[in-house]
Every structure is written in C-alpha cells, then in structure tokens.
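Chemist: One structure is given below, represented as structure tokens, and several questions about it will come after.
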There are 2 protein chains.
Amino acid sequence: MYSYTNMLSTGASTMRRSVMRDLLKLTADPQIISLAGGLPANELLPVDEFRDCLNSVLKREGANAMQYRPQYRPLKEWIAGYMQTLGVFCQPDNVFITNGNQQGLTILSRLFLDPGQPVVIEEITFTGIQQATSGMGAEVRAIPVDLLTGADDAALEEAFRQYPRPRFAVLIPDFHNPLGVSLSAEKRSRVAALAAEYGVPLIEDNPYIALRFEGEALPPIKAYDEQGVVFFLGSFSKMLAPGVRLGWIVAPTDLIPKITVLRESIDLESSALMQRAVHEFVQRGMLEPHLEQLTFENLMRRDTMLNALEESLGSVATWTHPEGGLFVWVTLPEHIDTTEMLQEAVQRQVAYVPGSPFAVAGGFHNTMRLNFSSVTPPVIREGIARLAEVVLSHC
Amino acid sequence: MYSYTNMLSTGASTMRRSVMRDLLKLTADPQIISLAGGLPANELLPVDEFRDCLNSVLKREGANAMQYRPQYRPLKEWIAGYMQTLGVFCQPDNVFITNGNQQGLTILSRLFLDPGQPVVIEEITFTGIQQATSGMGAEVRAIPVDLLTGADDAALEEAFRQYPRPRFAVLIPDFHNPLGVSLSAEKRSRVAALAAEYGVPLIEDNPYIALRFEGEALPPIKAYDEQGVVFFLGSFSKMLAPGVRLGWIVAPTDLIPKITVLRESIDLESSALMQRAVHEFVQRGMLEPHLEQLTFENLMRRDTMLNALEESLGSVATWTHPEGGLFVWVTLPEHIDTTEMLQEAVQRQVAYVPGSPFAVAGGFHNTMRLNFSSVTPPVIREGIARLAEVVLSHC
C-alpha cells in the first residue's frame with residue numbers, strides 16, 4: 001500500500017490529535033465517572049420538543065426543507081432579535097449561519113489569515129481555537145488570562161502594538177473554556193476600544209453566554225463595538241443541542257458576501273431542515289423554559305462540585321468560580337503533573353482534562369479542567385471524592 | 001465603520017462569487033424557467049419517509065441522537081457495504097463521514113496541499129473543485145476532457161510527469177458536472193494505474209454514481225485502486241436529499257486519524273441525528289425504491305430535453321448524452337457568448353448556467369450547462385423552446 005508519510009501538507013503533518021476526543025473514547029467505559037466532557041447533560045436535552053419541531057417543519061414545508069436553500073431568513077431575524085436582547089445592535093443582514101463556532105472560527109481564519117501571519121489568542125484557550133489559528137499556519141501571540149477578570153487587556157494592547165499587526169484576536173469572554181472565568185465589564189469595553197484603535201478584528205467566541213446561572217449578565221464585547229471590528233460567534237450547541245450543528249457569526253454587512261463565498265467553498269451550506277427546525281423551536285417559545293431548567297440544574301451541579309472540592313481538596317488546590325457555562329479550572333500544587341496523574345485517575349475510575357492541551361505556550365502542568373454540566377450531583381460528589389484520593393496521594 | 005478592503009487574506013480577496021448561487025437567487029422568480037439548477041426535483045424527495053426515520057431515531061435513541069458523538073458506526077458499515085456493491089473493496093474503517101463532497105474536497109485539500117503547490121483538475125469542472133484547489137492557493141494544471149470518454153488520460157500522465165509532482169488530482173468520472181459525460185472503463189483503469197505509478201493521490205468526486213438511468217454501470221475509479229491512492233467521495237445529497245448534509249470519504253485506514261483531526265478542526269463533526277436518520281432510511285430499504293423512481297423520472301426528463309434540443313437547435317448546436325446524473329452540456333456556434341446572452345434569456349424567462357465559470361483556464365464562451373432533473377417534462381419543453389428562440393435570434 002502507498003505510504004503518505006511524506007506527502008501531507010505542513011498543516012496536516014503538524015496537527016495534533018485532540019486530547020479531548022481521545023478522552024471521550026476512554027470515558028465510554030460506564031464505570032468511569034467523566035468530568036472530562038464538554039457536553040450538555042443528556043437528560044436535559046429537549047428531545048421531544050425538537051422532534052415536534054422537525055415534524056411540523058417537514059409537514060408544513062415538505063421538500064423545501066430538504067433542498068439546497070439560501071440561509072433561512074426567519075432564523076436570521078430571530079438571531080438578530082436575540083442579539084439585541086444581549087445589548088448588541090444587529091440586523092438580520094449582519095447574521096451568517098454556520099454549523100457552530102468551530103466553523104465560524106474556520107471561516108474567519110480563512111477570511112483574514114495567510115500562513116505565517118500573527119494572531120492573538122489567550123495563553124489558555126479552547127483547543128479548537130488553537131487549531132483554527134496555529135493549525136492554519138498563524139504565528140501565535142499568547143496573552144495571559146487573569147482567573148478573576150479574564151484576558152489581560154494590557155497584554156492585548158502590547159500584542160496589537162507589534163508589527164506586523166495581528167490579523168485578528170480571539171477571546172472567550174463568558175464562562176471561558178477551559179477556565180470558567182468571565183471577562184470583566186471594564187475589560188469588555190476596553191478590548192473593543194483597542195480593536196477599533198489598532199484596527200484588529202476581534203473574534204468573540206461566545207457559545208455559553210445563554211448559560212449564566214448566577215450574577216449580573218454582562219453585555220457581549222460586541223455590544224461595545226461601534227466600528228464593526230468585533231465578530232460575535234454564537235452557537236445553538238450548548239443552548240439547544242450539539243446535534244443541530246448550528247451557530248452564527250455577527251459581522252459587518254459588507255463582509256457577509258465574502259463570508260458566504262468562503263463558507264460555500266468549505267461545505268456549501270447548513271442543513272435547510274435544521275435551520276427551520278431550530279427556528280420552529282425558538283419561535284414556539286421552547287427556548288426560554290429549556291434554558292431556565294438547564295441553568296437551574298447547572299447551578300446545583302456547580303455548587304455540588306465547588307462544595308465537594310472545598311471539602312476534599314480545600315487545603316491543597318484552588319479553582320475558579322464560574323457564574324455559568326460548563327467548566328471549573330483547578331490548580332493543584334506545583335509538583336503535580338496532571339497529564340501524568342491522569343492514568344492513575346482513570347484507574348481510580350474518574351477522568352478530567354489535564355490543563356496542558358489548553359496551554360498555548362506550554363506550562364500549566366498542574367492544572368485541570370472539570371466539567372460539572374454533564375453529570376448529576378451524586379455522581380459529581382463521588383467523582384470529586386475519587387479525584388481527591390488520587391490528588392492527595394501526591395501531597 | 002471599519003473598512004476591511006486591505007485586511008483580507010490572499011485566498012479571501014481573490015475568491016469569486018459563485019455564479020450558480022447568484023443564478024439561484026435570480027431564478028427564485030417563479031415566472032422564470034430555471035434550467036440552471038443542480039438540484040434533485042422537489043416532488044421526488046422522500047420527505048415523509050425521512051420524517052418517519054427522524055421520528056424513529058429520536059424515539060429510540062433520545063438524547064444520544066442530539067449529542068456530540070463519534071461517527072455513527074452502523075452508517076459507516078452500510079456505506080462500506082454499498083461501496084462493495086459498486087465493486088470497491090472497502091471496510092467501515094476506510095469510511096469517514098463528511099457533510100458532503102464539498103467538505104470532502106476541503107478536507108483532502110487541507111490534508112495534501114500547501115499554497116503554491118500544483119494540483120491537477122479537469123479544464124471544465126465543478127466550480128467547488130476550483131474553490132477547493134486554486135481557491136486554497138494551489139497552482140492548477142488543467143487537463144482536457146473528451147465529451148464522449150471523459151478526462152484525457154494522456155494529459156493526466158503528462159501533468160503527473162512534471163516536477164514538482166502534483167499534490168493530488170481531482171476527476172468527476174460519472175455524469176460529470178457540468179459535462180454530463182462519464183469516464184470510459186478503459187480510462188478508469190488507466191488513471192488508477194497512473195496515480196499508483198506516479199504516487200499522486202487521485203480524488204474521485206462521485207456524487208452522482210447512484211443516478212444512472214441508462215447503459216452499463218461502470219465501476220468507480222476506486223475499484224481499480226490496488227495501492228490505496230484513490231480517494232472516493234460519495235454523497236447522500238443527490239441520492240437522498242441535500243438537506244441531510246451528509247457524504248463520505250473512502251480512504252486508506254492509516255490516513256483516517258489525520259482526516260479525523262483535520263475535520264474536527266474545521267467544524268467538529270456531522271450531526272449525530274442526521275447520521276442516524278440516514279442510516280434508518282437505508283436500513284429500512286427505502287433507498288432502492290427512491291432511486292428507482294428518481295432515475296425513472298430523470299430518464300424521461302433527459303429524453304424530453306434531448307428531444308427538444310434536437311427539434312429546436314439540432315441544426316446549430318451540439319450536446320452531450322448523459323446516461324445519468326443531472327446535466328447536459330450544450331455547445332453553441334462559436335460566435336455566441338453565453339454569458340452575454342444570459343440577460344436576454346432571463347428576459348425571455350429561461351435560465352441556464354454559462355460554461356465560462358466551469359472553465360478553469362478560460363475559453364468555452366459558447367457553452368452552457370442545462371439541468372434536466374429539477375423540472376417536469378412540459379416545463380423542460382417550454383424552457384428549451386424559449387432558449388431556442390434566444391439562441392436562434394443570434395444565428
């Protein structure tokens with residue numbers, strides 16, 4: 001058989017396997033308590049409601065819902081209205097529908113980035129953001145993230161000052177993945193102003209904003225954007241269900257035609273059926289009760305996790321205090337390497353994601369990401385108890 | 001507002017609007033008979049059957065069908081079995097599920113191509129193939145296509161001989177878009193042998209193979225591939241419905257992990273729900289009767305179109321004789337420019353796609369692509385009559 005070892009593109013040959021995906025397989029073992037997920041809870045997904053919506057759409061629209069179709073205007077209208085409730089002035093013509101935020105990142109990278117050019121990302125960030133930047137040939141400038149107030153705005157300005165100017169920056173302002181922290185209101189206004197001042201497009205990756213269960217809602221960075229330099233990425237994956245594979249970009253109208261052509265070149269379009277079914281779901285008012293239940297449950301689960309951490313690891317570890325989203329970030333004593341410790345944890349039948357894969361420039365070997373949304377409170381307690389046993393055996 | 005004119009990537013600033021998409025909008029006017037589509041007929045889509053499948057899957061699997069999930073193994077198994085019926089030796093582990101062939105092309109381009117490197121494509125080819133090659137920075141080597149036997153194998157070898165070696169080649173062997181021609185059996189075996197001899201991956205873009213309505217079925221190029229150098233791209237868009245947004249790549253097993261990581265970096269995954277619903281559809285035996293009806297109708301429509309062409313334009317034009325698929329390619333007298341003539345045609349309330357957008361290296365100004373699958377026979381007759389009026393006014 002042919003060997004492709006020397007025939008792959010630079011990007012393909014340097015691309016790393018996704019640690020999260022590997023963990024997902026590992027934790028298919030039902031004996032293992034997985035705190036490694038990034039999923040909404042199965043039991044909280046609105047399956048029957050969404051099935052109703054699919055049926056209505058197919059009965060009403062028939063083949064129209066199964067064809068190649070332009071993006072579904074009523075869904076864009078709903079999204080524009082939703083963005084306005086978040087404080088973002090936005091028209092349907094500013095909205096471009098994607099298959100989720102990873103595709104949004106891919107499209108915006110293709111739009112702005114040539115290989116070798118600089119981009120700014122957070123030094124701890126979702127691996128998908130690394131794939132859509134350094135994985136596409138960008139030279140990455142990483143900025144620190146404060147565990148209470150989010151990305152370092154002074155470091156962002158410093159990165160913006162350097163030549164050549166970055167092609168764009170990516171921040172996760174709400175319930176950061178993996179950190180769980182949110183960008184402070186002052187910093188939101190500041191980073192929007194910096195993007196405008198230096199003329200650097202700022203990508204706001206915000207799939208979790210609807211999942212706030214505590215504290216005052218903060219406007220998206222996009223709400224502070226008067227110059228059209230902030231690109232908001234929103235997603236139905238966490239607010240409705242990952243299986244719908246839909247999200248959106250909010251962008252200046254004059255860039256929508258370019259975005260449209262780029263997206264067509266990647267995979268033509270999003271499912272006409274899914275667009276209509278998701279619109280049916282939100283139009284029928286099914287989203288609000290769903291989010292209410294989801295955030296109510298997530299709050300209990302976060303409390304359960306933080307309490308369990310306090311009881312069992314309060315003396316040796318620190319962690320973030322997320323007001324929404326899915327994740328808590330835990331920092332263990334300096335001498336512990338969470339990547340090495342993972343084997344032991346899996347033997348003890350509990351899994352987490354080590355911090356290293358999120359660390360753009362290395363370091364953070366003694367950190368981990370824990371997910372509280374996809375497991376029930378009793379399971380969280382048992383999971384943290386097992387994890388604490390493993391950690392404490394190293395202390 | 002901020003101006004992005006000088007900030008776009010090289011790829012984004014050179015990417016052209018899709019003529020097909022623009023035509024799609026233009027032809028939303030119900031007065032216009034569109035022979036410009038690339039769609040299956042609305043009235044032939046299996047809407048109720050697919051709705052049944054969605055319901056069964058959601059009732060049976062519940063939230064499992066709405067989550068982030070690994071690729072659905074039973075669908076891969078069915079695809080592997082289907083490939084075997086086409087004469088391709090194939091295991092489920094050779095199958096990677098995509099959102100359709102455009103995504104398959106994007107993934108394989110990312111896998112093999114660095115900007116500036118050469119690839120080989122047909123001199124007349126689907127615009128999406130141009131976007132996934134030259135649109136991603138490839139230097140294109142275009143080879144001629146014979147209107148009776150398909151791509152020129154001698155020219156392919158010539159393009160393979162040159163240094164640097166092409167990173168890959170793309171051919172559409174069955175019911176070519178836009179030409180309607182199929183690659184002869186001799187050439188299939190020959191191009192597979194050439195790919196192996198020169199070590200150039202050959203991408204077989206084959207979304208139409210199930211849509212043969214006449215003549216002997218020819219094995220895919222992949223059936224002649226003993227070295228694992230041919231990559232088969234298959235799609236449910238034309239054999240089931242575009243709205244399912246699913247297709248597949250058949251590739252050597254040792255490349256599947258790289259393909260998986262690349263695809264995750266682009267948009268994570270295909271809808272778990274759609275994968276299960278499509279599997280339900282094929283598993284219940286709904287595909288065969290659907291294809292039978294579809295090809296029966298398409299044959300009548302093709303006959304209607306070729307007869308109408310013969311009657312009204314037989315003395316001035318020539319065209320291909322497709323044995324399946326969706327398209328006929330028409331060549332008009334040399335002095336006619338079909339791009340210029342399109343305005344007149346639209347005024348006469350008929351639309352087609354001019355040949356120029358498909359012409360990789362220019363030329364073919366007197367050609368057009370006609371679609372016979374998405375309109376009924378009486379409409380085809382009326383459409384060709386209108387078109388003939390316009391054409392004959394130039395003769």
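Within each chain, counting starts at residue 1; across the structure tokens, chains are named A, B, ... in the order shown, with ligands numbered 1 upward in that order.
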Do a neighbour search on range 196-212 of chain A at 7 Å with only C-alpha atoms, toss out local chain neighbours closer than 6 positions, and write the hits as a ChimeraX atom specification.

Modeler: /A:160,166-175,221,227,229-235,238-239,295,323-325

Chemist: Write the residues you've just listed into a file as a short mmCIF file (atom, residue, chain, number, x, y, z; two decimals), in the first residue's frame, and include N, CA, C and O atoms for each of them.

Modeler:
```cif
data_model
loop_
_atom_site.label_atom_id
_atom_site.label_comp_id
_atom_site.auth_asym_id
_atom_site.auth_seq_id
_atom_site.Cartn_x
_atom_site.Cartn_y
_atom_site.Cartn_z
N PHE A 160 -1.15 44.04 20.10
CA PHE A 160 -1.69 44.82 18.98
C PHE A 160 -0.66 45.83 18.46
O PHE A 160 -0.67 46.20 17.30
N PRO A 166 -1.38 42.03 14.23
CA PRO A 166 -2.09 40.74 14.17
C PRO A 166 -3.26 40.81 13.18
O PRO A 166 -3.85 41.87 13.01
N ARG A 167 -3.54 39.69 12.56
CA ARG A 167 -4.66 39.64 11.61
C ARG A 167 -5.99 39.62 12.35
O ARG A 167 -7.01 40.06 11.82
N PHE A 168 -6.00 39.05 13.54
CA PHE A 168 -7.19 39.10 14.40
C PHE A 168 -6.79 38.60 15.79
O PHE A 168 -5.68 38.08 15.99
N ALA A 169 -7.71 38.79 16.75
CA ALA A 169 -7.56 38.23 18.09
C ALA A 169 -8.81 37.43 18.40
O ALA A 169 -9.88 37.70 17.87
N VAL A 170 -8.65 36.41 19.25
CA VAL A 170 -9.82 35.61 19.68
C VAL A 170 -9.89 35.59 21.20
O VAL A 170 -8.91 35.23 21.87
N LEU A 171 -11.03 35.99 21.73
CA LEU A 171 -11.26 35.92 23.17
C LEU A 171 -12.55 35.14 23.44
O LEU A 171 -13.49 35.18 22.64
N ILE A 172 -12.57 34.45 24.60
CA ILE A 172 -13.81 33.78 25.06
C ILE A 172 -14.25 34.53 26.31
O ILE A 172 -13.74 34.26 27.40
N PRO A 173 -15.18 35.48 26.19
CA PRO A 173 -15.45 36.35 27.33
C PRO A 173 -16.36 35.75 28.40
O PRO A 173 -16.26 36.14 29.56
N ASP A 174 -17.25 34.83 28.03
CA ASP A 174 -18.21 34.34 29.03
C ASP A 174 -17.96 32.87 29.36
O ASP A 174 -18.03 32.02 28.48
N PHE A 175 -17.71 32.61 30.70
CA PHE A 175 -17.59 31.23 31.17
C PHE A 175 -16.59 30.48 30.29
O PHE A 175 -16.90 29.46 29.66
N ILE A 221 -18.80 41.56 24.25
CA ILE A 221 -17.83 42.56 23.76
C ILE A 221 -18.43 43.30 22.57
O ILE A 221 -18.28 44.51 22.42
N GLN A 227 -17.37 50.32 15.73
CA GLN A 227 -16.67 50.42 14.44
C GLN A 227 -16.83 49.19 13.57
O GLN A 227 -16.28 49.14 12.47
N VAL A 229 -15.65 46.15 14.31
CA VAL A 229 -14.40 45.36 14.34
C VAL A 229 -14.53 44.10 15.20
O VAL A 229 -13.60 43.31 15.27
N VAL A 230 -15.67 43.93 15.86
CA VAL A 230 -15.86 42.74 16.70
C VAL A 230 -16.78 41.75 15.96
O VAL A 230 -17.83 42.15 15.44
N PHE A 231 -16.36 40.50 15.91
CA PHE A 231 -17.12 39.44 15.27
C PHE A 231 -17.63 38.50 16.36
O PHE A 231 -16.84 37.85 17.04
N PHE A 232 -18.94 38.44 16.53
CA PHE A 232 -19.53 37.59 17.57
C PHE A 232 -19.83 36.21 17.00
O PHE A 232 -20.45 36.09 15.94
N LEU A 233 -19.38 35.17 17.70
CA LEU A 233 -19.71 33.79 17.32
C LEU A 233 -20.66 33.21 18.35
O LEU A 233 -20.31 33.09 19.53
N GLY A 234 -21.87 32.87 17.91
CA GLY A 234 -22.86 32.25 18.79
C GLY A 234 -23.20 30.85 18.32
O GLY A 234 -22.97 30.51 17.16
N SER A 235 -23.76 30.05 19.22
CA SER A 235 -23.98 28.63 18.91
C SER A 235 -25.24 28.09 19.55
O SER A 235 -25.57 28.45 20.68
N LYS A 238 -24.84 24.49 22.76
CA LYS A 238 -25.00 24.42 24.20
C LYS A 238 -26.36 24.93 24.64
O LYS A 238 -26.88 24.51 25.66
N MET A 239 -26.95 25.88 23.95
CA MET A 239 -28.25 26.40 24.39
C MET A 239 -29.41 25.52 23.94
O MET A 239 -30.48 25.56 24.54
N THR A 295 -30.10 25.99 33.31
CA THR A 295 -29.24 26.79 34.19
C THR A 295 -29.54 26.49 35.66
O THR A 295 -28.63 26.48 36.49
N GLU A 323 -19.79 31.56 36.87
CA GLU A 323 -21.18 32.00 37.08
C GLU A 323 -22.09 31.47 35.98
O GLU A 323 -23.24 31.90 35.86
N GLY A 324 -21.58 30.54 35.21
CA GLY A 324 -22.36 29.96 34.12
C GLY A 324 -21.48 28.98 33.36
O GLY A 324 -20.36 28.67 33.79
N GLY A 325 -21.99 28.51 32.23
CA GLY A 325 -21.19 27.63 31.40
C GLY A 325 -21.08 26.22 31.95
O GLY A 325 -21.99 25.75 32.64
#
```

Chemist: Among range 152-318 of chain B, which ones does DSSP assign to alpha helix (DSSP H) (computed from the backbone)? Answer as a count of residues only.

Modeler: 78

Chemist: Determine, using only C-alpha atoms, which residues of chain A have any atom at most 6 Å from an atom of chain B, and tabulate each with its shortest atom pair and distance in Å to one decimal place, rows ordered by chain and then rising number, as a Markdown table.

Modeler:
```
| residue | atom | partner | partner_atom | distance |
| --- | --- | --- | --- | --- |
| A:Met1 | CA | B:Gln227 | CA | 4.6 |
| A:Tyr2 | CA | B:Gln227 | CA | 5.4 |
| A:Leu8 | CA | B:Phe112 | CA | 4.7 |
| A:Ser9 | CA | B:Phe112 | CA | 4.6 |
| A:Ala12 | CA | B:Leu111 | CA | 5.3 |
| A:Arg17 | CA | B:Val261 | CA | 5.9 |
| A:Asn42 | CA | B:Ala63 | CA | 5.3 |
| A:Ala63 | CA | B:Asn42 | CA | 5.3 |
| A:Met66 | CA | B:Gly243 | CA | 4.1 |
| A:Gln67 | CA | B:Pro242 | CA | 5.1 |
| A:Tyr68 | CA | B:Pro242 | CA | 5.6 |
| A:Gln102 | CA | B:Asp267 | CA | 4.9 |
| A:Gln103 | CA | B:Asp267 | CA | 4.5 |
| A:Thr106 | CA | B:Ile266 | CA | 5.8 |
| A:Leu111 | CA | B:Ala12 | CA | 5.3 |
| A:Phe112 | CA | B:Ser9 | CA | 4.6 |
| A:Leu113 | CA | B:Ser9 | CA | 5.1 |
| A:Asp114 | CA | B:Ser9 | CA | 5.4 |
| A:Gln131 | CA | B:Ser265 | CA | 5.5 |
| A:Gln227 | CA | B:Met1 | CA | 4.6 |
| A:Gly228 | CA | B:Met1 | CA | 5.8 |
| A:Ala241 | CA | B:Met66 | CA | 5.9 |
| A:Pro242 | CA | B:Gln67 | CA | 5.1 |
| A:Gly243 | CA | B:Met66 | CA | 4.1 |
| A:Arg245 | CA | B:Ser271 | CA | 6.0 |
| A:Val261 | CA | B:Arg17 | CA | 5.9 |
| A:Ser265 | CA | B:Gln131 | CA | 5.5 |
| A:Ile266 | CA | B:Gln103 | CA | 5.6 |
| A:Asp267 | CA | B:Gln103 | CA | 4.5 |
| A:Ser271 | CA | B:Gly243 | CA | 4.9 |
| A:Ala272 | CA | B:Gly243 | CA | 5.5 |
| A:Leu273 | CA | B:Gly243 | CA | 5.9 |
```

Chemist: Which residue, B:Val379, B:Ala151, B:Met341, B:Leu291, has the smallest gap to Thr304 in chain B when you use only C-alpha atoms?

Modeler: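 Of B:Val379, B:Ala151, B:Met341, B:Leu291, the one nearest Thr304 in chain B, counting only C-alpha atoms, is B:Val379.
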
Chemist: Quick one: distance from CA of His176 in chain B to CA of Leu218 in chain B in Å, one decimal?

Modeler: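 For CA of His176 in chain B relative to CA of Leu218 in chain B, the distance reads 13.6 Å.
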
Chemist: Identify all residues of range 145-374 of chain B in strand (DSSP E) (DSSP on the backbone) and supply them as a VMD selection string.

Modeler: chain B and resid 145 to 146 150 to 151 169 to 171 202 to 205 230 to 235 247 to 250 318 to 319 327 to 331 350 to 351 353 to 354 367 to 371
